[in-house]
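Chemist: After the structure tokens below, expect a handful of questions from me.
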Amino acid sequence: MSVIEVANLHKRYGDKVAVDDVSFSVDRGEIFGILGPNGAGKSTTVECVTGVRRPDAGLISVLGFDPRQDREALRRRVGVQLQKCHLPPQLKVSEALRLYASFYPDPVDWRGLLDEFGLAEQRDTNYNHLSGGQQQRLSIALALVGNPEVVVLDELTTGLDPRARRATWDVIKRLSADGVTVVLVTHMMDEAERLCSRIALIDAGRVVATDTPANLVAQVNGEQRLSFRPSGPLDTAVLDALPEVVKVIETPDQVVVIGTGELLAAVNAALVRHGTAATELRLDQATLEDAYVALTGRALAQNGLDS
Ligand SMILES: Nc1ncnc2c1ncn2[C@@H]1O[C@H](COP(=O)(O)OP(=O)(O)OP(=O)(O)O)[C@@H](O)[C@H]1O
């Protein structure tokens with residue numbers, strides 16, 4: 001049975017439609033990714049799942065509870081790391097963990113979390129004296145201190161250095177192996193690809209696909225991705241017209257061509273015919289990002305492709 005069920009969720013802010021008919025379900029022990037660019041509606045979706053926001057329409061069930069009506073029952077069983085963590089500036093790290101632990105009937109030993117998240121040296125440091133990455137690690141530790149059955153993590157590793165990211169990923173994998181259900185909101189392809197058992201790709205408030213990372217990539221298998229910077233002005237319609245080309249995406253810096261067969265030769269010949277050359281040329285096999293581009297017709301924000 002699913003631990004989380006979301007059916008036909010709608011949420012708007014005034015005239016702005018943030019979430020438009022989103023449905024998905026998450027099984028016990030899964031690491032379920034919600035992946036999409038800035039403003040896609042990811043946070044709004046999980047805020048509805050955690051009962052922070054009231055949906056305009058749709059049904060949500062978490063561990064069999066309605067997140068709005070059964071907030072108290074869920075509060076004890078669901079750990080939430082939201083994008084912004086507001087703690088009193090003078091609160092020390094150990095005080096914060098002890099305080100949060102006191103809210104739950106069966107908390108984990110918060111001292112273990114101090115070690116796990118590399119915060120042992122900061123245990124007596126005030127919250128406002130922590131670095132951004134340390135605050136981030138504390139917010140994850142606080143989401144886990146209640147020994148939750150479900151954890152919702154929004155932008156898990158944003159701002160963390162590579163070592164802290166890997167350590168955090170290990171913690172999440174261990175939780176999942178222990179049967180904890182994890183919902184991970186991210187715009188980072190590598191994080192989604194490495195951690196998630198399934199991913200909902202979300203774009204402009206809508207789920208465009210839900211599948212395993214491998215199956216999402218398989219949807220664009222056989223396709224290649226050619227990126228280059230044109231040496232001069234280029235009407236990309238000449239590329240669009242090529243039989244090898246599936247899609248052309250223009251970004252401020254480069255042109256990305258998705259296609260099949262002899263894509264490189266065909267594009268090169270077309271560029272020569274139109275008196276343009278390709279610089280910084282790069283040919284790649286399909287990735288999760290390509291699946292995203294193929295399914296939505298556009299790239300994730302370039303700055304969202306952190307690795
Ligand atoms: N409180 C709010 N009032 C008005 N509009 C909002 C509010 N919160 C979000 N929005 C808008 O709703 C849309 C979805 O926002 P949301 O924060 O859910 O996206 P997101 O995918 O989580 O983005 P990000 O990756 O930037 O966090 C955006 O266009 C955003 O501007």
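Every chain in the structure tokens has a letter given in the order shown (A, B, ...), and although residue numbers restart at 1 in each chain, ligands are simply numbered from 1 in the order shown.
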Taking the chain letters and numbering used in this document, name the residues of stretch 180-211 of chain A that DSSP puts in helix (DSSP H, G or I), as a VMD selection string.
Modeler: chain A and resid 189 to 195
Chemist: Please save C-alpha atoms of the selected residues as an mmCIF file, in the first residue's frame.
Modeler:
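Saved file out_15.cif follows:
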```cif
data_model
loop_
_atom_site.group_PDB
_atom_site.id
_atom_site.type_symbol
_atom_site.label_atom_id
_atom_site.label_comp_id
_atom_site.auth_asym_id
_atom_site.auth_seq_id
_atom_site.Cartn_x
_atom_site.Cartn_y
_atom_site.Cartn_z
ATOM 1 C CA MET A 189 19.830 16.128 -11.740
ATOM 2 C CA ASP A 190 22.745 14.265 -10.205
ATOM 3 C CA GLU A 191 21.086 14.114 -6.804
ATOM 4 C CA ALA A 192 17.838 12.807 -8.276
ATOM 5 C CA GLU A 193 19.643 10.279 -10.452
ATOM 6 C CA ARG A 194 21.798 8.922 -7.634
ATOM 7 C CA LEU A 195 19.263 8.783 -4.828
#
```
Chemist: Show me which residues are within 9 Å of ligand 1 counting only C-alpha atoms and all ligand atoms, and format the list as an NGL selection string.
Modeler: :A and (11-19 or 34-47 or 83 or 154-155 or 185-187 or 202-205 or 304)
Chemist: Selected residues, N, CA and C atoms, written as an mmCIF file, in the first residue's frame, please.
Modeler:
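Contents of the output file part-v3.cif:
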```
data_model
loop_
_atom_site.group_PDB
_atom_site.id
_atom_site.type_symbol
_atom_site.label_atom_id
_atom_site.label_comp_id
_atom_site.auth_asym_id
_atom_site.auth_seq_id
_atom_site.Cartn_x
_atom_site.Cartn_y
_atom_site.Cartn_z
ATOM 1 N N LYS A 11 -3.448 23.972 -6.775
ATOM 2 C CA LYS A 11 -3.214 25.081 -5.848
ATOM 3 C C LYS A 11 -2.858 26.325 -6.649
ATOM 4 N N ARG A 12 -3.553 27.411 -6.375
ATOM 5 C CA ARG A 12 -3.197 28.679 -7.019
ATOM 6 C C ARG A 12 -2.977 29.754 -5.961
ATOM 7 N N TYR A 13 -2.137 30.721 -6.318
ATOM 8 C CA TYR A 13 -1.939 31.904 -5.482
ATOM 9 C C TYR A 13 -2.522 33.070 -6.266
ATOM 10 N N GLY A 14 -3.703 33.532 -5.900
ATOM 11 C CA GLY A 14 -4.356 34.566 -6.704
ATOM 12 C C GLY A 14 -4.593 34.019 -8.101
ATOM 13 N N ASP A 15 -4.066 34.724 -9.117
ATOM 14 C CA ASP A 15 -4.245 34.280 -10.499
ATOM 15 C C ASP A 15 -3.206 33.243 -10.907
ATOM 16 N N LYS A 16 -2.175 33.097 -10.094
ATOM 17 C CA LYS A 16 -1.050 32.236 -10.471
ATOM 18 C C LYS A 16 -1.357 30.769 -10.130
ATOM 19 N N VAL A 17 -1.401 29.937 -11.163
ATOM 20 C CA VAL A 17 -1.596 28.501 -10.923
ATOM 21 C C VAL A 17 -0.234 27.901 -10.592
ATOM 22 N N ALA A 18 -0.066 27.435 -9.361
ATOM 23 C CA ALA A 18 1.232 26.889 -8.945
ATOM 24 C C ALA A 18 1.276 25.380 -9.136
ATOM 25 N N VAL A 19 0.152 24.708 -8.860
ATOM 26 C CA VAL A 19 0.084 23.250 -8.988
ATOM 27 C C VAL A 19 -1.198 22.926 -9.752
ATOM 28 N N ILE A 34 10.956 14.721 -6.504
ATOM 29 C CA ILE A 34 10.126 15.664 -7.247
ATOM 30 C C ILE A 34 11.112 16.650 -7.863
ATOM 31 N N LEU A 35 11.260 16.548 -9.170
ATOM 32 C CA LEU A 35 12.340 17.252 -9.862
ATOM 33 C C LEU A 35 11.760 18.244 -10.858
ATOM 34 N N GLY A 36 12.274 19.444 -10.828
ATOM 35 C CA GLY A 36 11.810 20.446 -11.790
ATOM 36 C C GLY A 36 12.525 21.761 -11.553
ATOM 37 N N PRO A 37 12.392 22.688 -12.500
ATOM 38 C CA PRO A 37 13.106 23.961 -12.378
ATOM 39 C C PRO A 37 12.483 24.876 -11.320
ATOM 40 N N ASN A 38 13.123 25.978 -11.044
ATOM 41 C CA ASN A 38 12.595 26.965 -10.110
ATOM 42 C C ASN A 38 11.180 27.350 -10.542
ATOM 43 N N GLY A 39 10.298 27.418 -9.561
ATOM 44 C CA GLY A 39 8.942 27.886 -9.838
ATOM 45 C C GLY A 39 8.017 26.833 -10.420
ATOM 46 N N ALA A 40 8.477 25.577 -10.511
ATOM 47 C CA ALA A 40 7.658 24.527 -11.141
ATOM 48 C C ALA A 40 6.468 24.113 -10.278
ATOM 49 N N GLY A 41 6.531 24.418 -8.992
ATOM 50 C CA GLY A 41 5.439 24.028 -8.090
ATOM 51 C C GLY A 41 5.823 22.915 -7.128
ATOM 52 N N LYS A 42 7.103 22.623 -7.028
ATOM 53 C CA LYS A 42 7.570 21.525 -6.179
ATOM 54 C C LYS A 42 7.295 21.805 -4.703
ATOM 55 N N SER A 43 7.742 22.989 -4.247
ATOM 56 C CA SER A 43 7.569 23.302 -2.817
ATOM 57 C C SER A 43 6.095 23.385 -2.457
ATOM 58 N N THR A 44 5.316 24.002 -3.323
ATOM 59 C CA THR A 44 3.883 24.105 -3.031
ATOM 60 C C THR A 44 3.280 22.715 -2.885
ATOM 61 N N THR A 45 3.686 21.800 -3.759
ATOM 62 C CA THR A 45 3.174 20.428 -3.691
ATOM 63 C C THR A 45 3.501 19.788 -2.343
ATOM 64 N N VAL A 46 4.778 19.870 -1.930
ATOM 65 C CA VAL A 46 5.109 19.190 -0.671
ATOM 66 C C VAL A 46 4.560 19.949 0.536
ATOM 67 N N GLU A 47 4.366 21.256 0.390
ATOM 68 C CA GLU A 47 3.736 21.985 1.502
ATOM 69 C C GLU A 47 2.293 21.525 1.689
ATOM 70 N N GLN A 83 12.342 24.562 2.906
ATOM 71 C CA GLN A 83 13.425 25.360 2.325
ATOM 72 C C GLN A 83 13.985 26.368 3.317
ATOM 73 N N ASP A 154 13.217 19.350 1.334
ATOM 74 C CA ASP A 154 13.123 20.322 0.242
ATOM 75 C C ASP A 154 14.494 20.940 0.024
ATOM 76 N N GLU A 155 15.078 20.688 -1.127
ATOM 77 C CA GLU A 155 16.420 21.177 -1.473
ATOM 78 C C GLU A 155 17.433 20.671 -0.445
ATOM 79 N N VAL A 185 12.666 16.886 -2.718
ATOM 80 C CA VAL A 185 12.419 17.936 -3.710
ATOM 81 C C VAL A 185 13.764 18.464 -4.172
ATOM 82 N N THR A 186 13.965 18.483 -5.464
ATOM 83 C CA THR A 186 15.272 18.950 -5.923
ATOM 84 C C THR A 186 15.202 19.502 -7.340
ATOM 85 N N HIS A 187 16.157 20.351 -7.677
ATOM 86 C CA HIS A 187 16.322 20.717 -9.084
ATOM 87 C C HIS A 187 17.697 20.235 -9.566
ATOM 88 N N ILE A 202 8.394 17.522 -12.896
ATOM 89 C CA ILE A 202 7.319 18.507 -12.806
ATOM 90 C C ILE A 202 7.739 19.776 -13.540
ATOM 91 N N ASP A 203 6.797 20.297 -14.303
ATOM 92 C CA ASP A 203 7.085 21.476 -15.112
ATOM 93 C C ASP A 203 5.836 22.345 -15.131
ATOM 94 N N ALA A 204 5.994 23.601 -14.786
ATOM 95 C CA ALA A 204 4.875 24.546 -14.793
ATOM 96 C C ALA A 204 3.640 23.979 -14.096
ATOM 97 N N GLY A 205 3.864 23.383 -12.926
ATOM 98 C CA GLY A 205 2.746 22.925 -12.103
ATOM 99 C C GLY A 205 2.175 21.576 -12.485
ATOM 100 N N GLY A 304 20.656 25.374 -12.495
ATOM 101 C CA GLY A 304 20.103 24.296 -11.682
ATOM 102 C C GLY A 304 20.812 22.976 -11.925
#
```
Chemist: So that I can check the surroundings of stretch 143-147 of chain A, please list as a count of residues only every protein, DNA and RNA residue that reaches within 12 Å of it, counting only C-alpha atoms and ignoring chain neighbours fewer than 2 positions away.
Modeler: 55
Chemist: Quick one: pull the distance between atom CA of A:Glu72 and atom CA of A:Val52, Å, one decimal.
Modeler: 12.1 Å
Chemist: Using only C-alpha atoms, find the one residue out of A:Ala73, A:Leu91, A:Ile249, A:Val238 that sits nearest to A:Ala270.
Modeler: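 Selected residue with least distance to A:Ala270: A:Val238.
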Chemist: Go through A:Gln254, A:Asn215, A:Ser61, A:Ser227 one by one, measure the shortest atom-to-atom distance of each to A:Ser2 using only C-alpha atoms, and give the residue with the smallest value.
Modeler: A:Ser61
Chemist: Name all residues at most 10 Å from stretch 218-224 of chain A (count only C-alpha atoms; drop same-chain ones fewer than 5 positions away) and give them as a PyMOL selection string.
Modeler: chain A and resi 212-213+244-246+257-264+283-288+290-295
Chemist: With only C-alpha atoms as the counted atoms, please give the residues lying no more than 10 Å from A:His129, apart from itself and same-chain residues fewer than 6 positions off, as an mmCIF file with N, CA and C atoms, in the first residue's frame.
Modeler:
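Listing of result30.cif after writing:
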```cif
data_model
loop_
_atom_site.group_PDB
_atom_site.id
_atom_site.type_symbol
_atom_site.label_atom_id
_atom_site.label_comp_id
_atom_site.auth_asym_id
_atom_site.auth_seq_id
_atom_site.Cartn_x
_atom_site.Cartn_y
_atom_site.Cartn_z
ATOM 1 N N PRO A 89 17.804 33.089 16.794
ATOM 2 C CA PRO A 89 19.228 33.252 16.496
ATOM 3 C C PRO A 89 20.141 32.793 17.630
ATOM 4 N N GLN A 90 19.674 32.941 18.885
ATOM 5 C CA GLN A 90 20.550 32.611 20.024
ATOM 6 C C GLN A 90 20.493 31.135 20.419
ATOM 7 N N LEU A 91 19.607 30.380 19.765
ATOM 8 C CA LEU A 91 19.467 28.968 20.139
ATOM 9 C C LEU A 91 20.710 28.186 19.717
ATOM 10 N N LYS A 92 21.256 27.422 20.661
ATOM 11 C CA LYS A 92 22.445 26.629 20.330
ATOM 12 C C LYS A 92 22.029 25.358 19.590
ATOM 13 N N GLN A 122 30.104 22.119 16.665
ATOM 14 C CA GLN A 122 29.235 23.311 16.743
ATOM 15 C C GLN A 122 28.116 23.125 17.775
ATOM 16 N N GLN A 135 23.848 25.429 8.891
ATOM 17 C CA GLN A 135 22.411 25.624 9.153
ATOM 18 C C GLN A 135 21.593 24.608 8.369
#
```
Chemist: Extract the full set of strand (DSSP E) residues from stretch 1-230 of chain A according to DSSP on the backbone, and format it as a PyMOL selection string.
Modeler: chain A and resi 2-13+16-27+31-35+57-62+78-81+150-154+181-186+198-203+206-211+224-230
Chemist: Between A:Arg28, A:Leu9, A:Arg54, A:Val22, which residue has the minimum interatomic distance to A:Ser197, considering only C-alpha atoms?
Modeler: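 Smallest distance to A:Ser197 is found for A:Arg28.
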